[in-house]
Amino acid sequence: MKLLMSLIIILFFLHLNLQAQEKDSSWSSVQLGMIFKFEHQQEEAIEGIKKAQATMIKAQNLISVSKKKNKPDVEAIAYRAFTTAQNNKQRYERIKMQIQKNISYIKNKDGFKMKLDNKITGIITNYTGRVEFTSDKPPYDVTYINDESAKYIREGDVISTYANSSVEIECLDGRGSVKIGEYSSLKIKKKDDTAEILSLIKGNLDVAVEKAEKFALIIDENVKKLLNHPMDFTNKEINMLKAKMQRKFEVRTPTAVLAVRGTKFRTNIDKAGRTILDMKEGVVDVTNLKDLSHTLVYAGERLIINIDGSTTKE
């Protein structure tokens with residue numbers, strides 16, 4: 001009898017340990033995906049800075065030569081090229097600084113332990129104006145974003161913006177990003193191993209999701225860098241991240257469900273309650289919630305779904 005009880009206790013603690021490992025791995029995949037995405041973006045920003053600097057040097061040389069040869073038209077063109085390159089350099093430097101801040105926030109172990117939660121869906125990476133998010137759990141805390149630090153968001157949170165405000169969120173384990181425009185509200189509806197679902201309550205939303213194949217390449221490019229990572233990510237966690245790329249990603253509105261693949265688009269709920277979808281890249285499978293019909297919307301197309309379920313494709 002004692003032996004049986006001892007065996008039961010051992011199995012119980014093994015079960016708890018496995019649950020804890022699964023939870024840690026699940027969260028690690030969120031962190032890992034974000035780091036991959038941000039480091040890839042940082043490399044792009046550095047490359048943009050280098051190209052801008054090279055253009056500035058060429059433009060400066062051309063300005064000097066055109067002055068000596070008294071060619072004011074050429075000098076004016078070179079000066080415009082220099083100004084454009086200088087603006088691009090400053091823009092890429094700002095992007096690089098923000099990315100470095102996001103990476104630093106995610107890699108912070110202390111902050112990580114405090115926020116360990118398998119319902120976390122992503123982080124707020126940038127914002128302008130007045131932005132708040134509200135928890136759907138008691139005591140329904142309302143938090144205003146009031147600094148430039150990234151902030152975790154989790155399943156159930158509602159993010160709202162006001163006049164001249166916007167907020168950018170990295171989600172889908174780093175594979176996707178959304179930007180919420182002014183006077184808009186977005187709820188993080190669901191996040192598990194099968195799906196990540198966002199619900200647009202009002203306003204407009206820009207969505208960009210990498211194709212699974214492209215994001216897999218980003219992961220592979222960064223695996224070697226992660227071998228010496230201080231947080232010791234394992235092959236198991238990397239494989240788990242790759243497996244989660246197959247999760248479905250949906251944006252829901254009062255009149256439609258947008259099944260997102262590798263794509264870029266903007267969706268908007270206007271004052272009449274219509275869902276307006278403008279495709280930039282890729283394809284979205286739209287389900288009309290009135291009659292459950294499906295419509296594929298491709299790059300360059302617009303789909304309008306009215307409250308009564310009628311649709312217009314442009």
# chains A, B, ... in the order shown; residues from 1 in each chain; ligands from 1

call {"tool": "residues_around", "arguments": {"residues": "stretch 156-165 of chain A", "least_positions_apart": "3", "cutoff": "10 Å", "atoms": "only C-alpha atoms", "output": "number ranges by chain"}}
result
A: 119-121, 124, 127-137, 140-144, 153, 180-191, 198-203

call {"tool": "select_by_dssp", "arguments": {"residues": "stretch 83-180 of chain A", "states": "strand (DSSP E)", "output": "VMD selection string"}}
result
chain A and resid 120 to 128 131 to 134 142 to 144 151 to 154 158 to 161 166 to 171 176 to 180

call {"tool": "write_last_selection", "arguments": {"atoms": "N, CA and C atoms", "output": "compact mmCIF listing (two decimals), in the first residue's frame"}}
result
# COMPACT_ATOMS: atom_id res chain seq x y z
N ILE A 120 -0.24 34.91 -23.02
CA ILE A 120 0.36 36.09 -23.64
C ILE A 120 0.41 35.90 -25.15
N THR A 121 -0.04 36.91 -25.90
CA THR A 121 -0.10 36.79 -27.36
C THR A 121 0.96 37.61 -28.06
N GLY A 122 1.50 38.63 -27.40
CA GLY A 122 2.48 39.46 -28.07
C GLY A 122 2.83 40.67 -27.23
N ILE A 123 3.45 41.66 -27.87
CA ILE A 123 3.83 42.87 -27.15
C ILE A 123 3.50 44.11 -27.97
N ILE A 124 3.24 45.19 -27.26
CA ILE A 124 3.09 46.49 -27.90
C ILE A 124 4.50 47.03 -28.15
N THR A 125 4.81 47.32 -29.40
CA THR A 125 6.16 47.72 -29.77
C THR A 125 6.30 49.21 -30.04
N ASN A 126 5.20 49.87 -30.35
CA ASN A 126 5.26 51.30 -30.64
C ASN A 126 3.87 51.88 -30.50
N TYR A 127 3.80 53.19 -30.21
CA TYR A 127 2.49 53.82 -30.10
C TYR A 127 2.64 55.33 -30.25
N THR A 128 1.53 55.98 -30.56
CA THR A 128 1.46 57.44 -30.57
C THR A 128 0.15 57.85 -29.89
N VAL A 131 -3.32 55.68 -25.70
CA VAL A 131 -3.67 54.26 -25.92
C VAL A 131 -3.90 53.62 -24.55
N GLU A 132 -4.93 52.80 -24.46
CA GLU A 132 -5.20 52.08 -23.21
C GLU A 132 -5.51 50.64 -23.52
N PHE A 133 -5.27 49.77 -22.56
CA PHE A 133 -5.79 48.42 -22.70
C PHE A 133 -6.41 47.96 -21.40
N THR A 134 -7.50 47.22 -21.56
CA THR A 134 -8.34 46.81 -20.44
C THR A 134 -8.37 45.30 -20.35
N VAL A 142 -7.58 49.04 -16.11
CA VAL A 142 -7.33 49.85 -17.30
C VAL A 142 -5.92 50.42 -17.17
N THR A 143 -5.09 50.17 -18.19
CA THR A 143 -3.71 50.66 -18.18
C THR A 143 -3.50 51.57 -19.37
N TYR A 144 -2.93 52.75 -19.12
CA TYR A 144 -2.60 53.68 -20.20
C TYR A 144 -1.12 53.52 -20.53
N LYS A 151 5.18 46.41 -24.01
CA LYS A 151 4.30 45.90 -22.96
C LYS A 151 3.59 44.65 -23.46
N TYR A 152 3.56 43.63 -22.61
CA TYR A 152 2.90 42.39 -22.99
C TYR A 152 1.39 42.56 -23.03
N ILE A 153 0.77 41.86 -23.97
CA ILE A 153 -0.68 41.78 -24.00
C ILE A 153 -1.06 40.30 -23.96
N ARG A 154 -2.25 40.02 -23.45
CA ARG A 154 -2.65 38.63 -23.29
C ARG A 154 -4.08 38.43 -23.75
N VAL A 158 -8.41 44.22 -24.20
CA VAL A 158 -9.00 45.10 -25.21
C VAL A 158 -8.12 46.34 -25.32
N ILE A 159 -7.59 46.59 -26.52
CA ILE A 159 -6.73 47.74 -26.75
C ILE A 159 -7.54 48.81 -27.47
N SER A 160 -7.53 50.03 -26.94
CA SER A 160 -8.33 51.13 -27.50
C SER A 160 -7.46 52.35 -27.75
N THR A 161 -7.77 53.06 -28.83
CA THR A 161 -7.04 54.28 -29.17
C THR A 161 -8.01 55.45 -29.24
N SER A 166 -2.35 55.73 -32.30
CA SER A 166 -2.21 54.43 -32.94
C SER A 166 -1.30 53.56 -32.08
N VAL A 167 -1.35 52.26 -32.31
CA VAL A 167 -0.50 51.35 -31.55
C VAL A 167 -0.14 50.16 -32.44
N GLU A 168 1.12 49.72 -32.33
CA GLU A 168 1.61 48.60 -33.11
C GLU A 168 1.87 47.41 -32.19
N ILE A 169 1.45 46.24 -32.63
CA ILE A 169 1.55 45.03 -31.82
C ILE A 169 2.19 43.91 -32.63
N GLU A 170 3.18 43.25 -32.04
CA GLU A 170 3.74 42.03 -32.62
C GLU A 170 2.99 40.84 -32.03
N CYS A 171 2.56 39.94 -32.89
CA CYS A 171 1.78 38.79 -32.43
C CYS A 171 2.13 37.56 -33.25
N GLY A 176 3.46 37.73 -37.14
CA GLY A 176 2.48 38.73 -37.56
C GLY A 176 2.61 40.02 -36.79
N SER A 177 2.10 41.09 -37.38
CA SER A 177 2.04 42.38 -36.69
C SER A 177 0.76 43.10 -37.11
N VAL A 178 0.23 43.90 -36.20
CA VAL A 178 -0.97 44.68 -36.51
C VAL A 178 -0.76 46.11 -36.02
N LYS A 179 -1.41 47.04 -36.70
CA LYS A 179 -1.38 48.44 -36.29
C LYS A 179 -2.82 48.91 -36.16
N ILE A 180 -3.18 49.37 -34.97
CA ILE A 180 -4.54 49.84 -34.70
C ILE A 180 -4.56 51.36 -34.89

call {"tool": "atom_distance", "arguments": {"atom1": "atom CA of A:Met279", "atom2": "atom CA of A:Arg91"}}
result
26.0 Å

call {"tool": "closest_residue", "arguments": {"among": "A:Tyr79, A:Lys248, A:Gln86, A:His294", "to": "A:Lys50", "atoms": "only C-alpha atoms"}}
result
A:Gln86

call {"tool": "closest_residue", "arguments": {"among": "A:Leu296, A:Ile276, A:Met56, A:Ala243", "to": "A:Glu213", "atoms": "only C-alpha atoms"}}
result
A:Ala243

call {"tool": "residues_around", "arguments": {"residues": "A:Ala256", "least_positions_apart": "5", "cutoff": "10 Å", "atoms": "only C-alpha atoms", "output": "list in words"}}
result
Val251, Arg274, Thr275, Ile276, Val286, Thr287, Asn288, Leu289, Lys290, Leu292, Ser293, His294, Ile304, Ile305, Asn306, Ile307 and Gly309 of chain A

call {"tool": "write_last_selection", "arguments": {"atoms": "N, CA, C and O atoms", "output": "PDB file, in the first residue's frame"}}
result
ATOM      1  N   VAL A 251      -9.062  37.454 -38.083  1.00  0.00           N
ATOM      2  CA  VAL A 251      -9.547  38.743 -37.600  1.00  0.00           C
ATOM      3  C   VAL A 251     -11.059  38.733 -37.776  1.00  0.00           C
ATOM      4  O   VAL A 251     -11.559  38.518 -38.879  1.00  0.00           O
ATOM      5  N   ARG A 274     -20.406  48.657 -41.578  1.00  0.00           N
ATOM      6  CA  ARG A 274     -19.916  47.793 -42.651  1.00  0.00           C
ATOM      7  C   ARG A 274     -18.467  47.393 -42.394  1.00  0.00           C
ATOM      8  O   ARG A 274     -17.692  48.160 -41.837  1.00  0.00           O
ATOM      9  N   THR A 275     -18.111  46.184 -42.817  1.00  0.00           N
ATOM     10  CA  THR A 275     -16.715  45.750 -42.814  1.00  0.00           C
ATOM     11  C   THR A 275     -16.137  46.015 -44.190  1.00  0.00           C
ATOM     12  O   THR A 275     -16.664  45.539 -45.200  1.00  0.00           O
ATOM     13  N   ILE A 276     -15.060  46.789 -44.227  1.00  0.00           N
ATOM     14  CA  ILE A 276     -14.405  47.119 -45.492  1.00  0.00           C
ATOM     15  C   ILE A 276     -13.002  46.535 -45.471  1.00  0.00           C
ATOM     16  O   ILE A 276     -12.211  46.819 -44.573  1.00  0.00           O
ATOM     17  N   VAL A 286     -12.655  35.305 -46.745  1.00  0.00           N
ATOM     18  CA  VAL A 286     -13.625  36.040 -45.930  1.00  0.00           C
ATOM     19  C   VAL A 286     -14.913  35.233 -45.801  1.00  0.00           C
ATOM     20  O   VAL A 286     -15.502  34.814 -46.806  1.00  0.00           O
ATOM     21  N   THR A 287     -15.344  35.016 -44.558  1.00  0.00           N
ATOM     22  CA  THR A 287     -16.619  34.356 -44.301  1.00  0.00           C
ATOM     23  C   THR A 287     -17.651  35.404 -43.913  1.00  0.00           C
ATOM     24  O   THR A 287     -17.451  36.166 -42.963  1.00  0.00           O
ATOM     25  N   ASN A 288     -18.741  35.445 -44.658  1.00  0.00           N
ATOM     26  CA  ASN A 288     -19.859  36.344 -44.358  1.00  0.00           C
ATOM     27  C   ASN A 288     -20.671  35.731 -43.210  1.00  0.00           C
ATOM     28  O   ASN A 288     -21.202  34.625 -43.342  1.00  0.00           O
ATOM     29  N   LEU A 289     -20.751  36.420 -42.085  1.00  0.00           N
ATOM     30  CA  LEU A 289     -21.425  35.841 -40.923  1.00  0.00           C
ATOM     31  C   LEU A 289     -22.942  35.772 -41.078  1.00  0.00           C
ATOM     32  O   LEU A 289     -23.619  35.102 -40.299  1.00  0.00           O
ATOM     33  N   LYS A 290     -23.488  36.434 -42.088  1.00  0.00           N
ATOM     34  CA  LYS A 290     -24.936  36.394 -42.307  1.00  0.00           C
ATOM     35  C   LYS A 290     -25.368  35.088 -42.958  1.00  0.00           C
ATOM     36  O   LYS A 290     -26.315  34.427 -42.515  1.00  0.00           O
ATOM     37  N   LEU A 292     -22.808  32.717 -44.125  1.00  0.00           N
ATOM     38  CA  LEU A 292     -21.664  31.810 -44.038  1.00  0.00           C
ATOM     39  C   LEU A 292     -21.029  31.513 -45.403  1.00  0.00           C
ATOM     40  O   LEU A 292     -20.325  30.509 -45.568  1.00  0.00           O
ATOM     41  N   SER A 293     -21.278  32.380 -46.365  1.00  0.00           N
ATOM     42  CA  SER A 293     -20.635  32.226 -47.671  1.00  0.00           C
ATOM     43  C   SER A 293     -19.175  32.668 -47.590  1.00  0.00           C
ATOM     44  O   SER A 293     -18.794  33.457 -46.722  1.00  0.00           O
ATOM     45  N   HIS A 294     -18.346  32.145 -48.510  1.00  0.00           N
ATOM     46  CA  HIS A 294     -16.920  32.459 -48.533  1.00  0.00           C
ATOM     47  C   HIS A 294     -16.552  33.267 -49.775  1.00  0.00           C
ATOM     48  O   HIS A 294     -17.068  33.005 -50.870  1.00  0.00           O
ATOM     49  N   ILE A 304     -16.639  44.841 -49.483  1.00  0.00           N
ATOM     50  CA  ILE A 304     -17.477  45.519 -48.498  1.00  0.00           C
ATOM     51  C   ILE A 304     -18.589  44.571 -48.090  1.00  0.00           C
ATOM     52  O   ILE A 304     -19.309  44.029 -48.941  1.00  0.00           O
ATOM     53  N   ILE A 305     -18.723  44.339 -46.783  1.00  0.00           N
ATOM     54  CA  ILE A 305     -19.798  43.493 -46.263  1.00  0.00           C
ATOM     55  C   ILE A 305     -20.719  44.353 -45.429  1.00  0.00           C
ATOM     56  O   ILE A 305     -20.305  44.926 -44.411  1.00  0.00           O
ATOM     57  N   ASN A 306     -21.950  44.469 -45.848  1.00  0.00           N
ATOM     58  CA  ASN A 306     -22.929  45.314 -45.159  1.00  0.00           C
ATOM     59  C   ASN A 306     -23.557  44.588 -43.976  1.00  0.00           C
ATOM     60  O   ASN A 306     -23.453  43.357 -43.838  1.00  0.00           O
ATOM     61  N   ILE A 307     -24.232  45.345 -43.129  1.00  0.00           N
ATOM     62  CA  ILE A 307     -24.906  44.779 -41.957  1.00  0.00           C
ATOM     63  C   ILE A 307     -25.912  43.708 -42.360  1.00  0.00           C
ATOM     64  O   ILE A 307     -26.086  42.695 -41.668  1.00  0.00           O
ATOM     65  N   GLY A 309     -25.701  41.674 -44.711  1.00  0.00           N
ATOM     66  CA  GLY A 309     -25.051  40.522 -45.321  1.00  0.00           C
ATOM     67  C   GLY A 309     -24.747  40.669 -46.792  1.00  0.00           C
ATOM     68  O   GLY A 309     -24.000  39.856 -47.354  1.00  0.00           O
TER      69      GLY A 309
END

call {"tool": "residues_around", "arguments": {"residues": "A:Glu44", "least_positions_apart": "3", "cutoff": "12 Å", "atoms": "only C-alpha atoms", "output": "PDB file with N, CA, C and O atoms, in the first residue's frame"}}
result
ATOM      1  N   LYS A  37      12.140  37.722 -35.081  1.00  0.00           N
ATOM      2  CA  LYS A  37      11.550  38.774 -35.913  1.00  0.00           C
ATOM      3  C   LYS A  37      12.300  40.096 -35.739  1.00  0.00           C
ATOM      4  O   LYS A  37      12.668  40.754 -36.711  1.00  0.00           O
ATOM      5  N   PHE A  38      12.553  40.476 -34.486  1.00  0.00           N
ATOM      6  CA  PHE A  38      13.190  41.765 -34.227  1.00  0.00           C
ATOM      7  C   PHE A  38      14.637  41.791 -34.712  1.00  0.00           C
ATOM      8  O   PHE A  38      15.108  42.803 -35.239  1.00  0.00           O
ATOM      9  N   GLU A  39      15.358  40.684 -34.538  1.00  0.00           N
ATOM     10  CA  GLU A  39      16.740  40.658 -34.996  1.00  0.00           C
ATOM     11  C   GLU A  39      16.809  40.732 -36.518  1.00  0.00           C
ATOM     12  O   GLU A  39      17.716  41.355 -37.089  1.00  0.00           O
ATOM     13  N   HIS A  40      15.849  40.105 -37.178  1.00  0.00           N
ATOM     14  CA  HIS A  40      15.774  40.196 -38.638  1.00  0.00           C
ATOM     15  C   HIS A  40      15.486  41.644 -39.064  1.00  0.00           C
ATOM     16  O   HIS A  40      16.116  42.161 -39.989  1.00  0.00           O
ATOM     17  N   GLN A  41      14.554  42.286 -38.375  1.00  0.00           N
ATOM     18  CA  GLN A  41      14.236  43.685 -38.674  1.00  0.00           C
ATOM     19  C   GLN A  41      15.427  44.592 -38.386  1.00  0.00           C
ATOM     20  O   GLN A  41      15.665  45.565 -39.112  1.00  0.00           O
ATOM     21  N   GLU A  47      21.168  47.568 -42.626  1.00  0.00           N
ATOM     22  CA  GLU A  47      21.449  47.587 -44.067  1.00  0.00           C
ATOM     23  C   GLU A  47      20.908  48.867 -44.699  1.00  0.00           C
ATOM     24  O   GLU A  47      21.550  49.463 -45.573  1.00  0.00           O
ATOM     25  N   GLY A  48      19.727  49.307 -44.242  1.00  0.00           N
ATOM     26  CA  GLY A  48      19.153  50.554 -44.752  1.00  0.00           C
ATOM     27  C   GLY A  48      20.017  51.758 -44.409  1.00  0.00           C
ATOM     28  O   GLY A  48      20.189  52.673 -45.229  1.00  0.00           O
ATOM     29  N   ILE A  49      20.579  51.763 -43.195  1.00  0.00           N
ATOM     30  CA  ILE A  49      21.474  52.853 -42.773  1.00  0.00           C
ATOM     31  C   ILE A  49      22.725  52.883 -43.647  1.00  0.00           C
ATOM     32  O   ILE A  49      23.163  53.951 -44.105  1.00  0.00           O
ATOM     33  N   LYS A  50      23.301  51.715 -43.917  1.00  0.00           N
ATOM     34  CA  LYS A  50      24.503  51.634 -44.745  1.00  0.00           C
ATOM     35  C   LYS A  50      24.241  52.153 -46.164  1.00  0.00           C
ATOM     36  O   LYS A  50      25.049  52.905 -46.726  1.00  0.00           O
ATOM     37  N   LYS A  51      23.121  51.751 -46.742  1.00  0.00           N
ATOM     38  CA  LYS A  51      22.789  52.195 -48.099  1.00  0.00           C
ATOM     39  C   LYS A  51      22.565  53.700 -48.141  1.00  0.00           C
ATOM     40  O   LYS A  51      22.998  54.384 -49.078  1.00  0.00           O
ATOM     41  N   TYR A  92      15.723  54.987 -40.465  1.00  0.00           N
ATOM     42  CA  TYR A  92      16.238  53.663 -40.121  1.00  0.00           C
ATOM     43  C   TYR A  92      16.893  53.653 -38.746  1.00  0.00           C
ATOM     44  O   TYR A  92      16.819  52.653 -38.014  1.00  0.00           O
ATOM     45  N   GLU A  93      17.523  54.756 -38.357  1.00  0.00           N
ATOM     46  CA  GLU A  93      18.136  54.833 -37.024  1.00  0.00           C
ATOM     47  C   GLU A  93      17.071  54.814 -35.935  1.00  0.00           C
ATOM     48  O   GLU A  93      17.255  54.185 -34.886  1.00  0.00           O
ATOM     49  N   ILE A  95      14.103  53.399 -36.258  1.00  0.00           N
ATOM     50  CA  ILE A  95      13.595  52.021 -36.264  1.00  0.00           C
ATOM     51  C   ILE A  95      14.536  51.106 -35.497  1.00  0.00           C
ATOM     52  O   ILE A  95      14.113  50.275 -34.676  1.00  0.00           O
ATOM     53  N   LYS A  96      15.843  51.255 -35.739  1.00  0.00           N
ATOM     54  CA  LYS A  96      16.841  50.428 -35.059  1.00  0.00           C
ATOM     55  C   LYS A  96      16.783  50.616 -33.545  1.00  0.00           C
ATOM     56  O   LYS A  96      16.834  49.648 -32.775  1.00  0.00           O
ATOM     57  N   ILE A  99      13.697  48.858 -32.153  1.00  0.00           N
ATOM     58  CA  ILE A  99      13.873  47.409 -32.187  1.00  0.00           C
ATOM     59  C   ILE A  99      14.792  46.961 -31.059  1.00  0.00           C
ATOM     60  O   ILE A  99      14.534  45.957 -30.381  1.00  0.00           O
TER      61      ILE A  99
END

call {"tool": "residues_around", "arguments": {"residues": "A:Lys214", "least_positions_apart": "5", "cutoff": "12 Å", "atoms": "only C-alpha atoms", "output": "PDB file with N, CA and C atoms, in the first residue's frame"}}
result
ATOM      1  N   LYS A  37      12.140  37.722 -35.081  1.00  0.00           N
ATOM      2  CA  LYS A  37      11.550  38.774 -35.913  1.00  0.00           C
ATOM      3  C   LYS A  37      12.300  40.096 -35.739  1.00  0.00           C
ATOM      4  N   HIS A  40      15.849  40.105 -37.178  1.00  0.00           N
ATOM      5  CA  HIS A  40      15.774  40.196 -38.638  1.00  0.00           C
ATOM      6  C   HIS A  40      15.486  41.644 -39.064  1.00  0.00           C
ATOM      7  N   ARG A 175       5.445  36.181 -36.105  1.00  0.00           N
ATOM      8  CA  ARG A 175       5.169  36.057 -37.534  1.00  0.00           C
ATOM      9  C   ARG A 175       4.232  37.144 -38.045  1.00  0.00           C
ATOM     10  N   GLY A 176       3.456  37.731 -37.139  1.00  0.00           N
ATOM     11  CA  GLY A 176       2.479  38.732 -37.560  1.00  0.00           C
ATOM     12  C   GLY A 176       2.608  40.024 -36.786  1.00  0.00           C
ATOM     13  N   VAL A 209       1.173  39.634 -42.119  1.00  0.00           N
ATOM     14  CA  VAL A 209       1.555  38.297 -41.654  1.00  0.00           C
ATOM     15  C   VAL A 209       2.513  37.688 -42.666  1.00  0.00           C
ATOM     16  N   ILE A 219      13.734  31.899 -39.186  1.00  0.00           N
ATOM     17  CA  ILE A 219      14.098  31.072 -38.027  1.00  0.00           C
ATOM     18  C   ILE A 219      15.436  30.375 -38.283  1.00  0.00           C
ATOM     19  N   ASP A 220      15.555  29.742 -39.466  1.00  0.00           N
ATOM     20  CA  ASP A 220      16.776  28.995 -39.781  1.00  0.00           C
ATOM     21  C   ASP A 220      17.998  29.908 -39.806  1.00  0.00           C
ATOM     22  N   GLU A 221      17.813  31.129 -40.313  1.00  0.00           N
ATOM     23  CA  GLU A 221      18.927  32.079 -40.373  1.00  0.00           C
ATOM     24  C   GLU A 221      19.417  32.460 -38.986  1.00  0.00           C
ATOM     25  N   LYS A 242       8.344  26.334 -34.846  1.00  0.00           N
ATOM     26  CA  LYS A 242       8.050  26.013 -36.250  1.00  0.00           C
ATOM     27  C   LYS A 242       6.689  25.335 -36.386  1.00  0.00           C
ATOM     28  N   MET A 245       3.681  27.611 -36.424  1.00  0.00           N
ATOM     29  CA  MET A 245       3.434  28.421 -37.621  1.00  0.00           C
ATOM     30  C   MET A 245       2.201  27.941 -38.377  1.00  0.00           C
ATOM     31  N   GLY A 262      -0.385  34.314 -45.431  1.00  0.00           N
ATOM     32  CA  GLY A 262       0.705  35.278 -45.583  1.00  0.00           C
ATOM     33  C   GLY A 262       0.193  36.451 -46.398  1.00  0.00           C
ATOM     34  N   THR A 263       0.007  37.602 -45.763  1.00  0.00           N
ATOM     35  CA  THR A 263      -0.685  38.680 -46.465  1.00  0.00           C
ATOM     36  C   THR A 263      -0.530  40.016 -45.761  1.00  0.00           C
TER      37      THR A 263
END

call {"tool": "select_by_dssp", "arguments": {"residues": "stretch 198-304 of chain A", "states": "helix (DSSP H, G or I)", "output": "list in words"}}
result
Ala212, Glu213, Lys214, Phe215, Ala216, Leu217, Ile218, Ile219, Asp220, Glu221, Asn222, Val223, Lys224, Lys225, Leu226, Asn235, Lys236, Glu237, Ile238, Asn239, Met240, Leu241, Lys242, Ala243 and Lys244 of chain A

call {"tool": "atom_distance", "arguments": {"atom1": "atom CA of A:Glu210", "atom2": "atom CA of A:Val260"}}
result
10.1 Å

call {"tool": "atom_distance", "arguments": {"atom1": "atom CA of A:Gln31", "atom2": "atom CA of A:Glu250"}}
result
21.1 Å

call {"tool": "decode", "arguments": {"residues": "stretch 36-53 of chain A", "atoms": "C-alpha atoms", "output": "mmCIF file, in the first residue's frame"}}
result
data_model
loop_
_atom_site.group_PDB
_atom_site.id
_atom_site.type_symbol
_atom_site.label_atom_id
_atom_site.label_comp_id
_atom_site.auth_asym_id
_atom_site.auth_seq_id
_atom_site.Cartn_x
_atom_site.Cartn_y
_atom_site.Cartn_z
ATOM 1 C CA PHE A 36 13.872 36.193 -34.400
ATOM 2 C CA LYS A 37 11.550 38.774 -35.913
ATOM 3 C CA PHE A 38 13.190 41.765 -34.227
ATOM 4 C CA GLU A 39 16.740 40.658 -34.996
ATOM 5 C CA HIS A 40 15.774 40.196 -38.638
ATOM 6 C CA GLN A 41 14.236 43.685 -38.674
ATOM 7 C CA GLN A 42 17.342 45.080 -36.987
ATOM 8 C CA GLU A 43 19.541 43.640 -39.731
ATOM 9 C CA GLU A 44 17.280 45.246 -42.343
ATOM 10 C CA ALA A 45 17.508 48.598 -40.531
ATOM 11 C CA ILE A 46 21.324 48.392 -40.357
ATOM 12 C CA GLU A 47 21.449 47.587 -44.067
ATOM 13 C CA GLY A 48 19.153 50.554 -44.752
ATOM 14 C CA ILE A 49 21.474 52.853 -42.773
ATOM 15 C CA LYS A 50 24.503 51.634 -44.745
ATOM 16 C CA LYS A 51 22.789 52.195 -48.099
ATOM 17 C CA ALA A 52 21.642 55.662 -47.059
ATOM 18 C CA GLN A 53 25.162 56.568 -45.933
#
